[in-house]
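Below is one structure, written out as structure tokens; comments come after it.
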Amino acid sequence: MPLPFLMADRAFGTNAENADDVALPFDDHDHWRRPYRPGPWRVAAAALQLLLASFVLLAAMIIAFAGALPGAGVCLGVGLLLIGAALRLLRMGVWVSRHGVRRVAFLSTATVPWNNASGVRTVQQPVRWLGLPRTVQGQALVLVRQGDEPLPLLTDHNADFLSRAEAFNRAADTVEAWGSEYRLV
């Protein structure tokens, strides 16, 4: 089974043999792609959540064998919610295609077509540390929309790029290249 998220760094020129590749290496630009790998903090949180889900599902099975089916149903529902939340956590991030840029958050998704954007740029500003209320000074990749406030896409202190400044710069450059390729004004 192919795992395309494992090939993101290789496709975007992080290996020595692919260092001369262009910023848009994919043949089909119509599919939504995340131009970077999920960060270790995001993957660790999802793995712990899936571990908790496995214990909850095991408890549901034990409760069902004990004969308390309503309790087993509740545990099964909680386990499925944990699995769904872990999958959504792994899906969070910025996705790009020929059609625009999409920012996937835990409970919402914002899609902006490239022709509605006037620019993509990296700015210095206070950013949230791992999505928590605490803010620190850092870099953010923002999408400037026509007639609207800027939409923050990536920060160097989120779960994908904390302590990975080079990966943030590479992802920001890639998203900017997608924007300039598809006629940002």
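We name chains A, B, ... following the order of the structure tokens; residues begin at 1 in each chain, and ligands are numbered from 1 as shown.
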
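Within 6 Å of segment 52-58 of chain A, once only C-alpha atoms are used and residues closer than 4 positions along the same chain are dropped, the contacting residues are Leu76, Gly79 and Leu82 of chain A.
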
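In this comparison, which uses only C-alpha atoms, the residue of A:Ala167, A:Leu89, A:Leu51, A:Leu143 approaching Ser108 of chain A most closely is A:Leu89.
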
Counting only C-alpha atoms, what is within 9 Å of Arg121 of chain A, bar same-chain residues fewer than 2 positions away, as a ChimeraX atom specification?
/A:119,123,140-144,172,176

Using all heavy atoms, can you write the selected residues to a file as a PDB file, in the first residue's frame?
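Listed below is the output, result.pdb:
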ATOM      1  N   GLY A 119      -1.349  37.038  -2.439  1.00  0.00           N
ATOM      2  CA  GLY A 119       0.033  36.710  -2.127  1.00  0.00           C
ATOM      3  C   GLY A 119       0.151  35.697  -1.007  1.00  0.00           C
ATOM      4  O   GLY A 119      -0.761  35.525  -0.203  1.00  0.00           O
ATOM      5  N   VAL A 123       5.947  35.952   7.493  1.00  0.00           N
ATOM      6  CA  VAL A 123       6.028  37.147   8.323  1.00  0.00           C
ATOM      7  C   VAL A 123       6.470  36.766   9.736  1.00  0.00           C
ATOM      8  O   VAL A 123       6.238  35.641  10.194  1.00  0.00           O
ATOM      9  CB  VAL A 123       4.678  37.898   8.384  1.00  0.00           C
ATOM     10  CG1 VAL A 123       4.291  38.429   7.027  1.00  0.00           C
ATOM     11  CG2 VAL A 123       3.585  37.017   8.941  1.00  0.00           C
ATOM     12  N   ALA A 140       5.391  32.914  10.534  1.00  0.00           N
ATOM     13  CA  ALA A 140       4.140  32.340  10.056  1.00  0.00           C
ATOM     14  C   ALA A 140       4.057  32.550   8.551  1.00  0.00           C
ATOM     15  O   ALA A 140       4.452  33.591   8.041  1.00  0.00           O
ATOM     16  CB  ALA A 140       2.946  32.995  10.734  1.00  0.00           C
ATOM     17  N   LEU A 141       3.571  31.548   7.855  1.00  0.00           N
ATOM     18  CA  LEU A 141       3.275  31.667   6.439  1.00  0.00           C
ATOM     19  C   LEU A 141       1.809  32.064   6.339  1.00  0.00           C
ATOM     20  O   LEU A 141       0.938  31.340   6.823  1.00  0.00           O
ATOM     21  CB  LEU A 141       3.519  30.350   5.710  1.00  0.00           C
ATOM     22  CG  LEU A 141       3.229  30.364   4.215  1.00  0.00           C
ATOM     23  CD1 LEU A 141       4.284  31.181   3.497  1.00  0.00           C
ATOM     24  CD2 LEU A 141       3.191  28.957   3.667  1.00  0.00           C
ATOM     25  N   VAL A 142       1.541  33.231   5.764  1.00  0.00           N
ATOM     26  CA  VAL A 142       0.171  33.718   5.677  1.00  0.00           C
ATOM     27  C   VAL A 142      -0.232  33.859   4.216  1.00  0.00           C
ATOM     28  O   VAL A 142       0.582  34.166   3.354  1.00  0.00           O
ATOM     29  CB  VAL A 142      -0.017  35.068   6.413  1.00  0.00           C
ATOM     30  CG1 VAL A 142       0.200  34.913   7.896  1.00  0.00           C
ATOM     31  CG2 VAL A 142       0.875  36.137   5.846  1.00  0.00           C
ATOM     32  N   LEU A 143      -1.507  33.614   3.966  1.00  0.00           N
ATOM     33  CA  LEU A 143      -2.107  33.795   2.653  1.00  0.00           C
ATOM     34  C   LEU A 143      -2.892  35.097   2.704  1.00  0.00           C
ATOM     35  O   LEU A 143      -3.824  35.239   3.494  1.00  0.00           O
ATOM     36  CB  LEU A 143      -3.031  32.622   2.325  1.00  0.00           C
ATOM     37  CG  LEU A 143      -3.779  32.703   1.007  1.00  0.00           C
ATOM     38  CD1 LEU A 143      -2.813  32.466  -0.139  1.00  0.00           C
ATOM     39  CD2 LEU A 143      -4.896  31.692   0.978  1.00  0.00           C
ATOM     40  N   VAL A 144      -2.497  36.049   1.884  1.00  0.00           N
ATOM     41  CA  VAL A 144      -3.175  37.337   1.835  1.00  0.00           C
ATOM     42  C   VAL A 144      -4.303  37.218   0.825  1.00  0.00           C
ATOM     43  O   VAL A 144      -4.072  36.977  -0.354  1.00  0.00           O
ATOM     44  CB  VAL A 144      -2.191  38.462   1.439  1.00  0.00           C
ATOM     45  CG1 VAL A 144      -2.913  39.799   1.414  1.00  0.00           C
ATOM     46  CG2 VAL A 144      -1.013  38.493   2.380  1.00  0.00           C
ATOM     47  N   ALA A 172       7.334  26.358   3.486  1.00  0.00           N
ATOM     48  CA  ALA A 172       6.879  27.702   3.128  1.00  0.00           C
ATOM     49  C   ALA A 172       7.296  28.040   1.705  1.00  0.00           C
ATOM     50  O   ALA A 172       6.497  28.591   0.931  1.00  0.00           O
ATOM     51  CB  ALA A 172       7.451  28.727   4.110  1.00  0.00           C
ATOM     52  N   GLU A 176       4.698  28.796  -1.389  1.00  0.00           N
ATOM     53  CA  GLU A 176       4.869  30.026  -2.163  1.00  0.00           C
ATOM     54  C   GLU A 176       5.085  29.718  -3.645  1.00  0.00           C
ATOM     55  O   GLU A 176       4.590  30.437  -4.517  1.00  0.00           O
ATOM     56  CB  GLU A 176       6.039  30.837  -1.618  1.00  0.00           C
ATOM     57  CG  GLU A 176       5.742  31.481  -0.278  1.00  0.00           C
ATOM     58  CD  GLU A 176       6.959  32.150   0.339  1.00  0.00           C
ATOM     59  OE1 GLU A 176       8.051  32.132  -0.281  1.00  0.00           O
ATOM     60  OE2 GLU A 176       6.817  32.686   1.434  1.00  0.00           O
TER      61      GLU A 176
END

Mind giving me the straight-line distance from atom CA of Gln124 of chain A to atom CA of Val43 of chain A in Å, one decimal?
26.4 Å

Please, what distance in Å, to one decimal, runs between atom CA of Trp178 of chain A and atom CA of Arg98 of chain A?
7.8 Å

I need the residues in chain A that are strand (DSSP E or B) according to DSSP; give them as a ChimeraX atom specification.
/A:33,93-97,100-104,109-113,117-128,135-145,151-155

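Our summary of the geometry notes that atom CA of Arg91 of chain A is positioned 9.1 Å from atom CA of Arg34 of chain A.
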
Residue set, chain A restricted to alpha helix (DSSP H), as a ChimeraX atom specification
/A:8-11,40-66,69-91,165-181
